[in-house]
$ cat target.cif   # mmCIF, C-alpha atoms
data_upload
loop_
_atom_site.label_atom_id
_atom_site.label_comp_id
_atom_site.auth_asym_id
_atom_site.auth_seq_id
_atom_site.Cartn_x
_atom_site.Cartn_y
_atom_site.Cartn_z
CA MET A 1 40.69 88.21 74.23
CA PRO A 2 44.02 87.05 75.73
CA TYR A 3 45.03 83.58 74.62
CA ASN A 4 45.99 82.51 78.17
CA LEU A 5 42.73 83.51 79.82
CA HIS A 6 41.81 79.96 80.95
CA ILE A 7 45.23 78.33 81.27
CA ASP A 8 45.23 78.26 85.09
CA ARG A 9 41.81 76.62 85.19
CA TRP A 10 42.74 74.04 82.58
CA LEU A 11 45.99 73.28 84.41
CA GLU A 12 43.97 72.67 87.56
CA LYS A 13 41.71 70.27 85.64
CA ALA A 14 44.78 68.48 84.31
CA ARG A 15 46.02 67.61 87.79
CA GLU A 16 45.20 64.18 89.13
CA ASP A 17 42.58 64.35 91.88
CA PHE A 18 44.31 62.39 94.61
CA TYR A 19 41.43 62.96 97.01
CA THR A 20 39.17 60.92 94.74
CA LEU A 21 41.89 58.38 93.99
CA PHE A 22 42.50 57.85 97.70
CA VAL A 23 38.78 57.23 98.30
CA LYS A 24 38.71 54.78 95.39
CA ALA A 25 41.70 52.95 96.88
CA TRP A 26 40.01 52.87 100.28
CA ILE A 27 36.74 51.31 99.07
CA PRO A 28 38.13 47.80 98.29
CA PHE A 29 39.94 47.86 101.65
CA ASN A 30 36.66 48.80 103.33
CA ALA A 31 34.88 45.95 101.54
CA TRP A 32 37.64 43.51 102.53
CA TYR A 33 37.57 44.29 106.23
CA ASN A 34 33.77 44.26 106.32
CA ARG A 35 33.92 40.74 104.91
CA ASP A 36 36.95 39.28 106.70
CA ILE A 37 37.54 41.39 109.82
CA ALA A 38 34.15 42.67 111.00
CA PRO A 39 32.91 39.18 112.07
CA GLU A 40 35.91 38.98 114.44
CA THR A 41 34.91 42.18 116.28
CA ASN A 42 32.07 43.05 118.64
CA ASN A 43 30.03 45.38 116.45
CA GLY A 44 31.90 45.49 113.15
CA THR A 45 32.40 49.26 113.19
CA ASP A 46 35.14 50.84 111.12
CA ARG A 47 37.07 51.76 114.28
CA GLU A 48 36.85 48.22 115.67
CA CYS A 49 38.00 46.75 112.36
CA ILE A 50 40.98 49.10 112.13
CA ASN A 51 42.01 48.32 115.72
CA TYR A 52 41.71 44.58 115.02
CA ILE A 53 43.80 44.90 111.85
CA CYS A 54 46.48 46.71 113.86
CA LYS A 55 46.66 44.13 116.62
CA ASN A 56 46.34 40.87 114.69
CA GLU A 57 47.94 39.06 111.79
CA ASN A 58 46.08 39.67 108.53
CA THR A 59 46.74 40.26 104.83
CA TYR A 60 46.74 44.05 105.00
CA LYS A 61 49.09 44.41 107.97
CA ASN A 62 51.34 41.58 106.77
CA LYS A 63 51.84 43.36 103.44
CA ILE A 64 52.92 46.54 105.23
CA LEU A 65 55.38 44.55 107.35
CA ALA A 66 56.79 42.91 104.22
CA TYR A 67 57.31 46.32 102.60
CA LEU A 68 59.02 47.68 105.72
CA ARG A 69 61.37 44.70 105.97
CA GLY A 70 62.09 44.17 102.29
CA ASN A 71 64.74 45.48 99.96
CA THR A 72 63.24 45.01 96.50
CA ARG A 73 62.55 47.95 94.21
CA GLU A 74 58.88 47.88 95.18
CA ASP A 75 59.74 47.71 98.90
CA LEU A 76 62.02 50.73 98.57
CA ARG A 77 59.32 52.62 96.65
CA PHE A 78 56.84 51.96 99.46
CA GLN A 79 59.35 53.08 102.08
CA GLN A 80 60.05 56.28 100.15
CA GLU A 81 56.33 57.00 99.86
CA MET A 82 56.07 56.62 103.65
CA VAL A 83 58.90 59.13 104.14
CA ASP A 84 57.26 61.48 101.63
CA LEU A 85 53.93 61.19 103.44
CA HIS A 86 55.64 62.08 106.73
CA LEU A 87 57.32 65.13 105.18
CA ALA A 88 54.13 66.25 103.43
CA LEU A 89 52.24 66.13 106.74
CA LEU A 90 54.93 68.35 108.29
CA ARG A 91 54.57 70.87 105.45
CA HIS A 92 50.77 70.76 105.38
CA PRO A 93 49.35 69.96 108.85
CA ILE A 94 45.98 68.22 108.65
CA PRO A 95 43.52 69.24 109.96
CA ASN A 96 45.60 72.09 111.47
CA ALA A 97 48.88 72.87 113.20
CA THR A 98 47.30 72.67 116.65
CA HIS A 99 46.03 69.10 116.27
CA PRO A 100 48.06 67.60 113.42
CA ILE A 101 47.78 64.06 112.12
CA SER A 102 51.34 62.78 111.95
CA PHE A 103 53.64 59.86 112.65
CA SER A 104 54.20 61.41 116.10
CA THR A 105 50.58 61.88 117.19
CA ILE A 106 48.93 58.54 116.47
CA THR A 107 47.43 56.40 119.22
CA ILE A 108 47.68 52.66 118.63
CA TYR A 109 45.83 51.71 121.83
CA ASP A 110 48.70 49.75 123.33
CA ASP A 111 47.28 47.49 126.07
CA SER A 112 50.56 45.71 126.77
CA HIS A 113 51.56 47.87 129.76
CA PRO A 114 48.63 48.02 132.24
CA VAL A 115 50.83 48.39 135.35
CA ASP A 116 53.79 50.56 136.29
CA GLN A 117 55.30 49.98 139.71
CA GLY A 118 58.56 50.27 141.58
CA ASP A 119 60.56 51.96 144.30
CA PHE A 120 61.65 55.56 143.88
CA TYR A 121 63.53 57.50 146.54
CA SER A 122 61.45 57.22 149.74
CA VAL A 123 58.32 55.65 148.23
CA SER A 124 56.99 52.52 146.59
CA TYR A 125 54.31 53.07 143.98
CA LYS A 126 51.88 51.06 141.85
CA ILE A 127 49.73 52.56 139.12
CA GLU A 128 47.39 50.17 137.35
CA ARG A 129 44.90 50.40 134.50
CA LYS A 130 41.90 48.10 135.08
CA VAL A 131 38.89 47.33 132.93
CA LYS A 132 35.78 48.82 134.51
CA ALA A 133 33.25 46.43 136.08
CA SER A 134 30.87 47.31 133.24
CA GLY A 135 33.43 45.94 130.76
CA SER A 136 33.64 49.28 128.95
CA GLY A 137 36.47 51.72 129.62
CA PHE A 138 39.13 51.76 132.33
CA ASP A 139 39.77 52.81 135.90
CA TYR A 140 43.21 53.99 136.98
CA GLU A 141 44.27 52.94 140.48
CA ILE A 142 47.19 54.67 142.19
CA LYS A 143 48.76 53.52 145.43
CA VAL A 144 51.87 55.07 147.00
CA ASN A 145 53.35 54.09 150.32
CA GLU A 146 56.58 54.61 152.18
CA LYS A 147 59.27 52.34 150.83
CA GLY A 148 59.40 48.89 152.39
CA ALA A 149 55.64 48.35 152.79
CA GLY A 150 55.36 51.42 154.99
CA PRO A 151 52.23 53.50 155.65
CA ILE A 152 50.07 54.40 152.65
CA LYS A 153 50.61 57.99 151.55
CA PHE A 154 48.36 58.15 148.49
CA ASN A 155 45.53 55.83 147.46
CA ALA A 156 43.09 56.87 144.74
CA THR A 157 41.09 55.57 141.77
CA PHE A 158 40.28 57.73 138.74
CA ASN A 159 37.48 56.71 136.39
CA LYS A 160 39.26 58.23 133.39
CA TRP A 161 42.81 59.18 132.44
CA GLU A 162 43.41 62.87 132.98
CA MET A 163 46.77 64.19 134.16
CA GLU A 164 44.98 67.23 135.61
CA ASP A 165 42.99 64.95 137.94
CA LEU A 166 46.18 63.44 139.33
CA GLU A 167 47.84 66.82 139.80
CA ALA A 168 44.75 68.30 141.45
CA HIS A 169 44.33 65.48 144.00
CA PRO A 170 45.02 66.92 147.48
CA ASP A 171 47.29 64.02 148.49
CA PHE A 172 49.52 64.55 145.47
CA ALA A 173 50.79 67.86 146.86
CA GLN A 174 52.71 66.15 149.69
CA PHE A 175 55.40 64.73 147.39
CA SER A 176 58.62 66.38 146.27
CA GLU A 177 58.82 67.64 142.69
CA THR A 178 61.12 64.72 141.81
CA ILE A 179 58.65 62.13 143.09
CA LYS A 180 55.74 63.96 141.45
CA MET A 181 57.58 63.76 138.12
CA ARG A 182 58.12 60.02 138.50
CA LEU A 183 54.48 59.40 139.41
CA LYS A 184 53.35 61.40 136.39
CA GLN A 185 55.67 59.38 134.14
CA ALA A 186 54.21 56.15 135.54
CA PHE A 187 50.69 57.51 135.05
CA LYS A 188 51.51 58.29 131.41
CA ALA A 189 52.91 54.79 130.92
CA VAL A 190 49.57 53.11 131.65
CA ASP A 191 47.50 55.47 129.50
CA ILE A 192 46.04 53.35 126.72
CA LYS A 193 45.47 56.50 124.66
CA ALA A 194 49.05 57.75 124.80
CA PRO A 195 50.36 58.54 121.30
CA THR A 196 53.20 56.48 119.87
CA ASP A 197 55.92 58.68 118.40
CA ALA A 198 57.20 56.74 115.39
CA ILE A 199 59.82 59.39 114.56
CA VAL A 200 63.19 59.34 116.32
CA LYS A 201 65.23 62.53 116.55
CA PRO A 202 68.77 62.35 115.17
CA VAL A 203 71.72 62.42 117.54
CA MET A 204 73.98 65.45 117.32
CA ARG A 205 77.66 64.90 118.11
CA LYS A 206 79.96 67.91 117.79
CA GLY A 207 77.53 69.51 115.38
CA VAL A 208 77.25 66.43 113.19
CA GLU A 209 73.94 64.59 112.81
CA SER A 210 74.07 60.81 113.22
CA LYS A 211 71.63 57.92 113.31
CA PRO A 212 69.99 57.60 116.73
CA PRO A 213 69.90 54.23 118.51
CA HIS A 214 66.85 51.98 118.09
CA SER A 215 65.90 53.56 114.79
CA LYS A 216 65.64 52.80 111.08
CA MET A 217 66.22 55.17 108.20
CA TYR A 218 64.05 54.88 105.11
CA GLY A 219 64.32 56.81 101.88
CA LYS A 220 67.32 58.23 100.05
CA GLU A 221 67.10 62.00 100.05
CA GLU A 222 65.84 62.91 103.52
CA LYS A 223 67.38 61.58 106.72
CA THR A 224 64.20 60.52 108.47
CA TYR A 225 64.51 58.06 111.33
CA PHE A 226 61.60 55.82 112.31
CA ILE A 227 61.30 53.59 115.37
CA ASP A 228 63.05 50.24 115.07
CA ASP A 229 59.83 48.35 115.73
CA ASP A 230 58.17 47.16 112.53
CA ASP A 231 54.96 46.11 114.23
CA LYS A 232 54.41 49.44 115.99
CA LEU A 233 55.34 51.40 112.88
CA ALA A 234 52.85 49.36 110.83
CA GLN A 235 50.14 50.08 113.42
CA VAL A 236 50.92 53.80 113.38
CA LEU A 237 50.71 53.84 109.57
CA ILE A 238 47.38 51.99 109.55
CA GLN A 239 45.85 54.34 112.11
CA LEU A 240 47.26 57.37 110.29
CA MET A 241 45.74 56.25 106.99
CA TYR A 242 42.41 55.72 108.74
CA LYS A 243 42.53 59.24 110.19
CA LEU A 244 43.23 60.68 106.75
CA ARG A 245 40.26 58.68 105.44
CA CYS A 246 38.03 60.09 108.19
CA GLN A 247 39.03 63.65 107.30
CA ILE A 248 37.50 63.12 103.87
CA PHE A 249 34.53 60.95 104.80
CA HIS A 250 33.46 63.28 107.63
CA GLY A 251 33.88 66.43 105.53
CA GLU A 252 36.52 67.87 107.89
CA LEU A 253 39.31 68.27 105.32
CA ASP A 254 40.01 71.55 103.56
CA PRO A 255 40.57 70.17 100.01
CA THR A 256 43.30 72.58 98.97
CA ILE A 257 45.95 71.93 96.33
CA GLN A 258 48.53 72.00 99.13
CA ASN A 259 46.77 69.35 101.19
CA MET A 260 46.41 67.18 98.12
CA GLU A 261 50.15 66.48 98.33
CA VAL A 262 49.46 64.50 101.50
CA TYR A 263 46.77 62.44 99.80
CA GLU A 264 48.97 61.80 96.78
CA HIS A 265 51.37 59.82 98.96
CA ALA A 266 48.56 58.28 101.01
CA TYR A 267 46.94 57.08 97.77
CA ARG A 268 50.18 55.57 96.46
CA ILE A 269 50.73 53.73 99.75
CA GLN A 270 47.18 52.44 99.88
CA SER A 271 47.16 51.36 96.24
CA MET A 272 50.31 49.28 96.81
CA ILE A 273 48.88 47.49 99.86
CA ILE A 274 45.44 46.64 98.50
CA LYS A 275 46.91 44.64 95.63
CA GLU A 276 47.16 41.78 98.11
CA LEU A 277 43.46 41.85 99.02
CA ASN A 278 40.96 39.59 97.32
#

$ encode --input "target.cif" --output "structure tokens"
Amino acid sequence: MPYNLHIDRWLEKAREDFYTLFVKAWIPFNAWYNRDIAPETNNGTDRECINYICKNENTYKNKILAYLRGNTREDLRFQQEMVDLHLALLRHPIPNATHPISFSTITIYDDSHPVDQGDFYSVSYKIERKVKASGSGFDYEIKVNEKGAGPIKFNATFNKWEMEDLEAHPDFAQFSETIKMRLKQAFKAVDIKAPTDAIVKPVMRKGVESKPPHSKMYGKEEKTYFIDDDDKLAQVLIQLMYKLRCQIFHGELDPTIQNMEVYEHAYRIQSMIIKELN
């Protein structure tokens, strides 16, 4: 019998199971928000608690902000783990390449911009997101008239945000392609579900890569630029960690060795944050 018959299997057993470690690091966080955050929400669901943690001051979010803004050895280790998590998600898209979880695809439910309005070429426009009369969900009202309080050219209300609904509306066809583009941009601006891209592309000048404006670079080895907005970046990270948690808890994740690299960094990040919880 060959001496190395079982080496591969034993090597696999010797690896740390970061899926299990991530779950173990999530459980105290789950217990903390059920105790401290759930009473502040309507129904105390996991989703409501995560959204509340993102939008309000609390121990968990404050610790992330401190790590992002600090310069101690531990702060730099956290920042590097965040970069490594980003790069691991690019190498191993979860759940798949078509719908990847990443720092560029996370929705933080930003309700700070419910209206976009202005004058553009020959028209004045106003697109507004309003809470439905039932108190659940949103309506999207669009009004376009000739500039200077002229005749109304387009007046519609959509009961959900779908770009296809705007484009398919018969009155939308009357506008030039330039005006259509502006109206679609305004419609995107009021979408509460629009993803926040926390990654900023580098600027290329004469073939040389340089730091883009309104960005921060974390980590030493890879030039990865994040948005220069600590609060939004913290929210993106929180929502991203929650999505990774859901992949495991809902049985959607393919638990391959390759995907485990993602959860190795997610575990290290989570284990550093939860030290503040009690």

$ atom_distance --input "target.cif" --atom1 "atom CA of Tyr67 of chain A" --atom2 "atom CA of Glu261 of chain A"
21.8 Å

$ closest_atom_pairs --input "target.cif" --of "segment 134-253 of chain A" --to "segment 83-100 of chain A" --cutoff "12 Å" --atoms "only C-alpha atoms" --output "JSON lines"
{"residue": "A:Ala198", "atom": "CA", "partner": "A:His86", "partner_atom": "CA", "distance": 10.3}
{"residue": "A:Ile199", "atom": "CA", "partner": "A:His86", "partner_atom": "CA", "distance": 9.3}
{"residue": "A:Lys216", "atom": "CA", "partner": "A:Val83", "partner_atom": "CA", "distance": 11.6}
{"residue": "A:Met217", "atom": "CA", "partner": "A:Val83", "partner_atom": "CA", "distance": 9.3}
{"residue": "A:Tyr218", "atom": "CA", "partner": "A:Val83", "partner_atom": "CA", "distance": 6.7}
{"residue": "A:Gly219", "atom": "CA", "partner": "A:Val83", "partner_atom": "CA", "distance": 6.3}
{"residue": "A:Lys220", "atom": "CA", "partner": "A:Val83", "partner_atom": "CA", "distance": 9.4}
{"residue": "A:Glu221", "atom": "CA", "partner": "A:Val83", "partner_atom": "CA", "distance": 9.6}
{"residue": "A:Glu222", "atom": "CA", "partner": "A:Val83", "partner_atom": "CA", "distance": 7.9}
{"residue": "A:Lys223", "atom": "CA", "partner": "A:Val83", "partner_atom": "CA", "distance": 9.2}
{"residue": "A:Thr224", "atom": "CA", "partner": "A:Val83", "partner_atom": "CA", "distance": 7.0}
{"residue": "A:Tyr225", "atom": "CA", "partner": "A:Val83", "partner_atom": "CA", "distance": 9.2}
{"residue": "A:Phe226", "atom": "CA", "partner": "A:Val83", "partner_atom": "CA", "distance": 9.2}
{"residue": "A:Val236", "atom": "CA", "partner": "A:His86", "partner_atom": "CA", "distance": 11.6}
{"residue": "A:Leu237", "atom": "CA", "partner": "A:His86", "partner_atom": "CA", "distance": 10.0}
{"residue": "A:Leu240", "atom": "CA", "partner": "A:His86", "partner_atom": "CA", "distance": 10.3}
{"residue": "A:Met241", "atom": "CA", "partner": "A:Leu85", "partner_atom": "CA", "distance": 10.2}
{"residue": "A:Lys243", "atom": "CA", "partner": "A:Ile94", "partner_atom": "CA", "distance": 9.7}
{"residue": "A:Leu244", "atom": "CA", "partner": "A:Ile94", "partner_atom": "CA", "distance": 8.2}
{"residue": "A:Arg245", "atom": "CA", "partner": "A:Ile94", "partner_atom": "CA", "distance": 11.6}
{"residue": "A:Cys246", "atom": "CA", "partner": "A:Pro95", "partner_atom": "CA", "distance": 10.8}
{"residue": "A:Gln247", "atom": "CA", "partner": "A:Pro95", "partner_atom": "CA", "distance": 7.6}
{"residue": "A:Ile248", "atom": "CA", "partner": "A:Pro95", "partner_atom": "CA", "distance": 10.5}
{"residue": "A:His250", "atom": "CA", "partner": "A:Pro95", "partner_atom": "CA", "distance": 11.9}
{"residue": "A:Gly251", "atom": "CA", "partner": "A:Pro95", "partner_atom": "CA", "distance": 11.0}
{"residue": "A:Glu252", "atom": "CA", "partner": "A:Pro95", "partner_atom": "CA", "distance": 7.4}
{"residue": "A:Leu253", "atom": "CA", "partner": "A:Pro95", "partner_atom": "CA", "distance": 6.3}

$ atom_distance --input "target.cif" --atom1 "atom CA of Lys63 of chain A" --atom2 "atom CA of Glu276 of chain A"
7.3 Å

$ closest_residue --input "target.cif" --among "A:Leu166, A:Ile101, A:Ile179, A:Asp119" --to "Gly150 of chain A" --atoms "only C-alpha atoms"
A:Asp119

$ atom_distance --input "target.cif" --atom1 "atom CA of Lys275 of chain A" --atom2 "atom CA of Ile106 of chain A"
25.1 Å

$ resolve_selection --input "target.cif" --expression "the PyMOL selection byres ((chain A and resi 121-129) around 7)" --output "PyMOL selection string"
chain A and resi 114-120+130-131+138-147+186-187+190

$ resolve_selection --input "target.cif" --expression "the PyMOL selection byres ((chain A and resi 16-20) around 9)" --output "PyMOL selection string"
chain A and resi 12-15+21-25+248+255+260-267

$ closest_residue --input "target.cif" --among "A:Ile27, A:Ala133, A:Ile108, A:Met82" --to "Ile53 of chain A" --atoms "only C-alpha atoms"
A:Ile108

$ residues_around --input "target.cif" --residues "segment 40-49 of chain A" --least-positions-apart "2" --cutoff "12 Å" --atoms "only C-alpha atoms" --output "ChimeraX atom specification"
/A:29-38,51-56,58,60,108-109,238-239,242-243,245-246,249

$ closest_residue --input "target.cif" --among "A:Leu68, A:Glu57, A:Ile269, A:Gly148" --to "Asp228 of chain A" --atoms "all atoms listed in the file"
A:Leu68

$ closest_residue --input "target.cif" --among "A:Arg69, A:Lys193, A:Lys153, A:Lys160" --to "Phe175 of chain A" --atoms "only C-alpha atoms"
A:Lys153
